[in-house]
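Novice: protein_32.txt is reproduced in full below (compact mmCIF, C-alpha atoms).
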```
# COMPACT_ATOMS: atom_id res chain seq x y z
CA MET A 1 0.00 0.00 0.00
CA VAL A 2 2.85 2.37 0.85
CA ILE A 3 4.52 1.60 -2.47
CA LEU A 4 1.28 2.37 -4.34
CA LYS A 5 0.93 5.73 -2.52
CA LEU A 6 4.58 6.55 -3.27
CA PHE A 7 4.11 5.65 -6.95
CA ILE A 8 0.99 7.84 -7.22
CA PHE A 9 2.74 10.71 -5.43
CA ILE A 10 5.72 10.54 -7.78
CA PHE A 11 3.56 10.12 -10.90
CA VAL A 12 1.30 13.07 -10.02
CA GLY A 13 4.31 15.21 -9.07
CA VAL A 14 6.11 14.55 -12.35
CA PHE A 15 2.89 15.12 -14.32
CA VAL A 16 2.17 18.47 -12.62
CA ARG A 17 5.78 19.59 -13.01
CA ASN A 18 5.76 18.78 -16.75
CA VAL A 19 2.38 20.37 -17.41
CA MET A 20 3.19 23.55 -15.50
CA SER A 21 6.53 23.92 -17.28
CA ILE A 22 4.72 23.93 -20.64
CA TYR A 23 1.96 26.38 -19.88
CA ASN A 24 1.68 28.99 -17.17
CA PRO A 25 -1.86 30.40 -17.09
CA LEU A 26 -0.70 33.39 -15.06
CA LEU A 27 1.54 34.69 -17.85
CA THR A 28 0.61 36.63 -20.95
CA TYR A 29 2.98 36.43 -23.93
CA THR A 30 3.70 39.27 -26.33
CA LEU A 31 5.52 39.20 -29.65
CA ARG A 32 7.50 42.25 -30.77
CA TYR A 33 8.74 42.43 -34.34
CA LYS A 34 12.20 43.94 -34.77
CA LYS A 35 12.36 43.86 -38.57
CA MET A 36 11.34 41.90 -41.64
CA PHE A 37 13.10 41.75 -45.00
CA VAL A 38 13.01 39.69 -48.18
CA HIS A 39 15.67 38.05 -50.39
CA SER A 40 16.19 37.02 -54.04
CA ASN A 41 13.07 36.89 -56.24
CA ILE A 42 10.80 38.31 -53.56
CA THR A 43 10.31 42.02 -52.93
CA GLY A 44 8.11 43.82 -50.50
CA ASN A 45 7.59 46.75 -48.22
CA PHE A 46 6.38 46.30 -44.68
CA THR A 47 5.27 48.31 -41.70
CA ILE A 48 5.04 47.16 -38.11
CA ASP A 49 1.82 48.48 -36.62
CA GLN A 50 0.56 48.18 -33.08
CA TYR A 51 -3.01 47.98 -31.84
CA LYS A 52 -3.40 47.73 -28.06
CA ASP A 53 -0.86 45.11 -26.91
CA THR A 54 -0.40 43.33 -30.26
CA GLN A 55 1.95 44.12 -33.14
CA TYR A 56 1.04 43.35 -36.74
CA ILE A 57 2.91 43.41 -40.03
CA ASN A 58 1.19 45.08 -42.96
CA GLY A 59 2.53 45.45 -46.46
CA ASN A 60 2.97 43.94 -49.90
CA ILE A 61 4.90 40.90 -51.08
CA THR A 62 5.71 40.25 -54.72
CA ILE A 63 7.11 36.90 -55.84
CA HIS A 64 9.03 37.48 -59.09
CA SER A 65 8.84 33.92 -60.32
CA LYS A 66 6.30 31.95 -62.29
CA LEU A 67 7.50 28.68 -60.73
CA MET A 68 5.07 26.90 -58.45
CA ILE A 69 6.31 26.80 -54.85
CA ASP A 70 6.09 23.29 -53.40
CA LYS A 71 8.67 23.22 -50.60
CA VAL A 72 9.42 25.49 -47.67
CA VAL A 73 12.47 25.32 -45.43
CA VAL A 74 12.29 27.30 -42.18
CA VAL A 75 15.61 27.97 -40.45
CA ILE A 76 15.34 29.21 -36.86
CA TYR A 77 18.11 30.95 -34.90
CA ARG A 78 17.87 31.62 -31.17
CA CYS A 79 19.57 34.79 -29.94
CA ASP A 80 20.26 36.14 -26.47
CA SER A 81 17.88 38.68 -24.96
CA GLU A 82 19.77 41.56 -26.63
CA GLY A 83 19.64 39.84 -30.03
CA ILE A 84 23.42 39.81 -30.42
CA ASN A 85 24.74 36.28 -29.98
CA CYS A 86 22.71 33.97 -32.19
CA GLU A 87 22.98 30.22 -32.52
CA TYR A 88 21.34 27.72 -34.82
CA PHE A 89 18.22 26.27 -33.18
CA GLN A 90 16.16 24.20 -35.64
CA THR A 91 15.22 23.63 -39.27
CA TRP A 92 11.78 22.61 -40.47
CA THR A 93 11.41 21.22 -44.00
CA LEU A 94 7.83 21.18 -45.25
CA THR A 95 7.30 19.39 -48.55
CA ASP A 96 3.54 18.89 -48.47
CA ILE A 97 2.71 22.54 -47.85
CA CYS A 98 -0.83 22.66 -49.30
CA PRO A 99 -2.55 20.92 -46.36
CA LYS A 100 -0.35 22.83 -43.91
CA LEU A 101 -1.64 26.17 -45.23
CA LYS A 102 -5.16 25.06 -44.25
CA ASP A 103 -4.21 23.73 -40.79
CA LYS A 104 -5.84 25.53 -37.88
CA ASN A 105 -4.26 26.14 -34.48
CA GLN A 106 -0.69 26.11 -35.77
CA ILE A 107 1.94 28.76 -35.06
CA TRP A 108 1.71 29.88 -38.72
CA SER A 109 -2.12 29.76 -39.13
CA ARG A 110 -2.77 33.44 -38.33
CA TRP A 111 0.17 34.51 -40.52
CA TYR A 112 -1.02 32.77 -43.68
CA GLY A 113 -4.62 33.68 -42.93
CA SER A 114 -3.56 37.33 -43.33
CA PHE A 115 -2.62 37.06 -47.02
CA ASP A 116 -4.85 38.73 -49.61
CA PRO A 117 -5.55 37.01 -51.96
CA PRO A 118 -5.50 33.94 -49.69
CA MET A 119 -2.39 31.84 -50.03
CA VAL A 120 -3.80 28.58 -51.39
CA CYS A 121 -2.39 25.92 -53.63
CA PRO A 122 -1.07 26.06 -56.18
CA ILE A 123 1.10 28.88 -54.84
CA ASP A 124 1.60 30.62 -58.13
CA LYS A 125 0.32 34.14 -57.50
CA VAL A 126 2.67 37.08 -57.89
CA ASN A 127 1.29 39.82 -55.64
CA TYR A 128 0.06 39.42 -52.08
CA ARG A 129 -0.99 41.92 -49.47
CA LEU A 130 -0.43 41.28 -45.78
CA ARG A 131 -3.17 42.61 -43.53
CA ASN A 132 -2.60 42.50 -39.77
CA ALA A 133 -0.27 39.52 -40.02
CA THR A 134 1.08 37.97 -36.84
CA TYR A 135 1.90 34.58 -35.40
CA ASP A 136 -0.03 32.67 -32.76
CA ILE A 137 2.45 32.92 -29.92
CA GLN A 138 0.41 30.64 -27.62
CA GLN A 139 1.15 27.79 -30.04
CA GLY A 140 4.82 28.70 -29.83
CA VAL A 141 4.73 28.54 -26.04
CA GLN A 142 3.28 25.04 -26.21
CA TRP A 143 5.95 24.06 -28.72
CA TYR A 144 8.87 25.44 -26.70
CA SER A 145 8.12 26.63 -23.17
CA ASP A 146 11.33 28.69 -22.88
CA ILE A 147 10.44 30.78 -25.96
CA ALA A 148 10.09 34.04 -24.02
CA ASN A 149 13.69 34.24 -22.87
CA TYR A 150 15.18 34.78 -26.32
CA GLN A 151 15.04 36.83 -29.49
CA TRP A 152 14.44 34.82 -32.65
CA LYS A 153 15.62 35.14 -36.24
CA VAL A 154 13.50 33.06 -38.61
CA THR A 155 14.14 32.64 -42.34
CA GLN A 156 11.54 30.99 -44.54
CA LYS A 157 13.07 29.76 -47.82
CA MET A 158 10.73 28.82 -50.67
CA TYR A 159 11.53 26.33 -53.42
CA ALA A 160 9.97 25.08 -56.63
CA GLY A 161 11.37 21.56 -56.68
CA ASP A 162 15.08 22.10 -56.07
CA VAL A 163 15.05 25.66 -57.48
CA TYR A 164 15.38 28.38 -54.85
CA VAL A 165 12.63 30.98 -55.40
CA GLY A 166 13.30 33.36 -52.53
CA SER A 167 12.88 33.89 -48.83
CA TYR A 168 11.90 36.30 -46.15
CA THR A 169 13.39 36.80 -42.72
CA PHE A 170 11.91 38.31 -39.64
CA GLU A 171 13.38 39.01 -36.25
CA VAL A 172 11.18 38.97 -33.16
CA SER A 173 11.45 39.10 -29.43
CA ILE A 174 8.97 37.35 -27.22
CA PHE A 175 8.44 38.20 -23.62
CA SER A 176 6.04 37.21 -20.90
CA TYR A 177 4.46 39.28 -18.18
CA ARG A 178 1.86 38.88 -15.51
CA LYS A 179 -1.40 40.50 -16.42
CA LYS A 180 -2.97 42.38 -13.56
CA LEU A 181 -6.17 40.61 -12.65
CA LYS A 182 -9.26 42.52 -11.61
CA PRO A 183 -10.44 41.60 -8.13
CA LEU A 184 -13.64 39.59 -7.95
CA PHE A 185 -14.87 41.38 -4.84
CA LYS A 186 -14.36 44.96 -3.69
```
Using structure tokens, write down the structure that the file contains.
Specialist:
Amino acid sequence: MVILKLFIFIFVGVFVRNVMSIYNPLLTYTLRYKKMFVHSNITGNFTIDQYKDTQYINGNITIHSKLMIDKVVVVIYRCDSEGINCEYFQTWTLTDICPKLKDKNQIWSRWYGSFDPPMVCPIDKVNYRLRNATYDIQQGVQWYSDIANYQWKVTQKMYAGDVYVGSYTFEVSIFSYRKKLKPLFK
């Protein structure tokens, strides 16, 4: 009986520790864009606008290629809190991008939902307009619980087969803070 109680105590303790390290309901996360720029066959102009506590990117993107984009490689660098010392963090290679553009509740869902005309397959349009584009930072917190302690440099490279079409890079900082709660009783 003592062994069973010890096992349950340890199991519940490990479970609570792991769950609380992933999500802290007392924290609010905010994303701050530092800059965004494009490379190669992609041009664009962007503004970083703020409404209340949220920043958005607005602007135009032009893809100067008639090739159909079918592969995306995302390279992520993690930088210190000042954004100076950066180190390679991860690479995501997405080859079946059409269903991923439609996925809901992903870190990129709000970003690609901001494209006008909508970014749908085949990705062969030339001109897109970004309207209030941002990323779902809550999904990022679930993906990597220590996300708020760093600045991030993310480059999204687009390919048509093995042909490099172009890329865009954005730099963001993510921080957490405690939101002041209103008292229930006065």
Novice: Measure the distance from CA of Gln90 in chain A to CA of Trp143 in chain A in Å and round it to one decimal.
Specialist: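 Distance reported for this atom pair: 12.3 Å.
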Novice: Residues within 6 Å of range 161-177 of chain A, please, as JSON, numbers by chain. Count only C-alpha atoms; anything in the same chain fewer than 6 positions from it doesn't count.
Specialist: {"A": [27, 28, 29, 30, 31, 32, 33, 34, 35, 36, 37, 38, 39, 40, 41, 42, 148, 151, 152, 153, 154, 155]}
Novice: Can those selected residues be exported to a file as a PDB file, keeping the file's coordinate frame so that it contains C-alpha atoms?
Specialist:
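Saved to selection08.pdb:
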```pdb
ATOM      1  CA  LEU A  27       1.540  34.690 -17.850  1.00  0.00           C
ATOM      2  CA  THR A  28       0.610  36.630 -20.950  1.00  0.00           C
ATOM      3  CA  TYR A  29       2.980  36.430 -23.930  1.00  0.00           C
ATOM      4  CA  THR A  30       3.700  39.270 -26.330  1.00  0.00           C
ATOM      5  CA  LEU A  31       5.520  39.200 -29.650  1.00  0.00           C
ATOM      6  CA  ARG A  32       7.500  42.250 -30.770  1.00  0.00           C
ATOM      7  CA  TYR A  33       8.740  42.430 -34.340  1.00  0.00           C
ATOM      8  CA  LYS A  34      12.200  43.940 -34.770  1.00  0.00           C
ATOM      9  CA  LYS A  35      12.360  43.860 -38.570  1.00  0.00           C
ATOM     10  CA  MET A  36      11.340  41.900 -41.640  1.00  0.00           C
ATOM     11  CA  PHE A  37      13.100  41.750 -45.000  1.00  0.00           C
ATOM     12  CA  VAL A  38      13.010  39.690 -48.180  1.00  0.00           C
ATOM     13  CA  HIS A  39      15.670  38.050 -50.390  1.00  0.00           C
ATOM     14  CA  SER A  40      16.190  37.020 -54.040  1.00  0.00           C
ATOM     15  CA  ASN A  41      13.070  36.890 -56.240  1.00  0.00           C
ATOM     16  CA  ILE A  42      10.800  38.310 -53.560  1.00  0.00           C
ATOM     17  CA  ALA A 148      10.090  34.040 -24.020  1.00  0.00           C
ATOM     18  CA  GLN A 151      15.040  36.830 -29.490  1.00  0.00           C
ATOM     19  CA  TRP A 152      14.440  34.820 -32.650  1.00  0.00           C
ATOM     20  CA  LYS A 153      15.620  35.140 -36.240  1.00  0.00           C
ATOM     21  CA  VAL A 154      13.500  33.060 -38.610  1.00  0.00           C
ATOM     22  CA  THR A 155      14.140  32.640 -42.340  1.00  0.00           C
TER      23      THR A 155
END
```
Novice: Measuring atom to atom with only C-alpha atoms, identify which of A:Arg110, A:Arg131, A:Arg178, A:Lys100 is nearest to Lys71 in chain A.
Specialist: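 For Lys71 in chain A, the nearest of the candidates is A:Lys100.
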Novice: Work out how far CA of Ile57 in chain A is from CA of Arg129 in chain A, in Å to one decimal.
Specialist: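 Spanning CA of Arg129 in chain A to CA of Ile57 in chain A is a straight-line distance of 10.3 Å.
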Novice: Which one of A:Ser81, A:Ser65, A:Asn58, A:Gln106 sits closest to Val141 in chain A if you count all atoms listed in the file?
Specialist: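 Once distances to Val141 in chain A are computed over all atoms listed in the file, the minimum belongs to A:Gln106.
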Novice: Could you list, as a PyMOL selection string, every residue within 10 Å of Ser109 in chain A, counting all atoms listed in the file and ignoring same-chain residues fewer than 5 positions away?
Specialist: chain A and resi 100-104+114+133-136+139
Novice: Could you check how far CA of Ile76 in chain A sits from CA of Gly113 in chain A, in Å to one decimal?
Specialist: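 Pair CA of Ile76 in chain A / CA of Gly113 in chain A returns 21.3 Å.
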Novice: Rank A:Ile107, A:Val73, A:Ala160, A:Leu130 by their smallest atom-to-atom distance to Tyr56 in chain A, using only C-alpha atoms, and report the top residue only.
Specialist: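 Among the listed residues, A:Leu130 lies closest to Tyr56 in chain A.
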Novice: Pick the closest to Ile123 in chain A from A:Tyr150, A:Tyr88, A:Tyr144, A:Tyr159: which is it, counting only C-alpha atoms?
Specialist: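 The closest residue to Ile123 in chain A is A:Tyr159.
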Novice: Place a sphere of radius 6 Å on (20.4, 28.2, -30.6) in the file coordinates and name every protein, DNA or RNA residue with an atom inside or on its surface, counting all atoms listed in the file; give the answer as a PyMOL selection string.
Specialist: chain A and resi 77-78+87-89
Novice: Taking only C-alpha atoms into account, which of A:Gln156, A:Gln55, A:Asn45, A:Asn149 comes nearest Cys79 in chain A?
Specialist: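 Under the stated criterion, the closest residue is A:Asn149.
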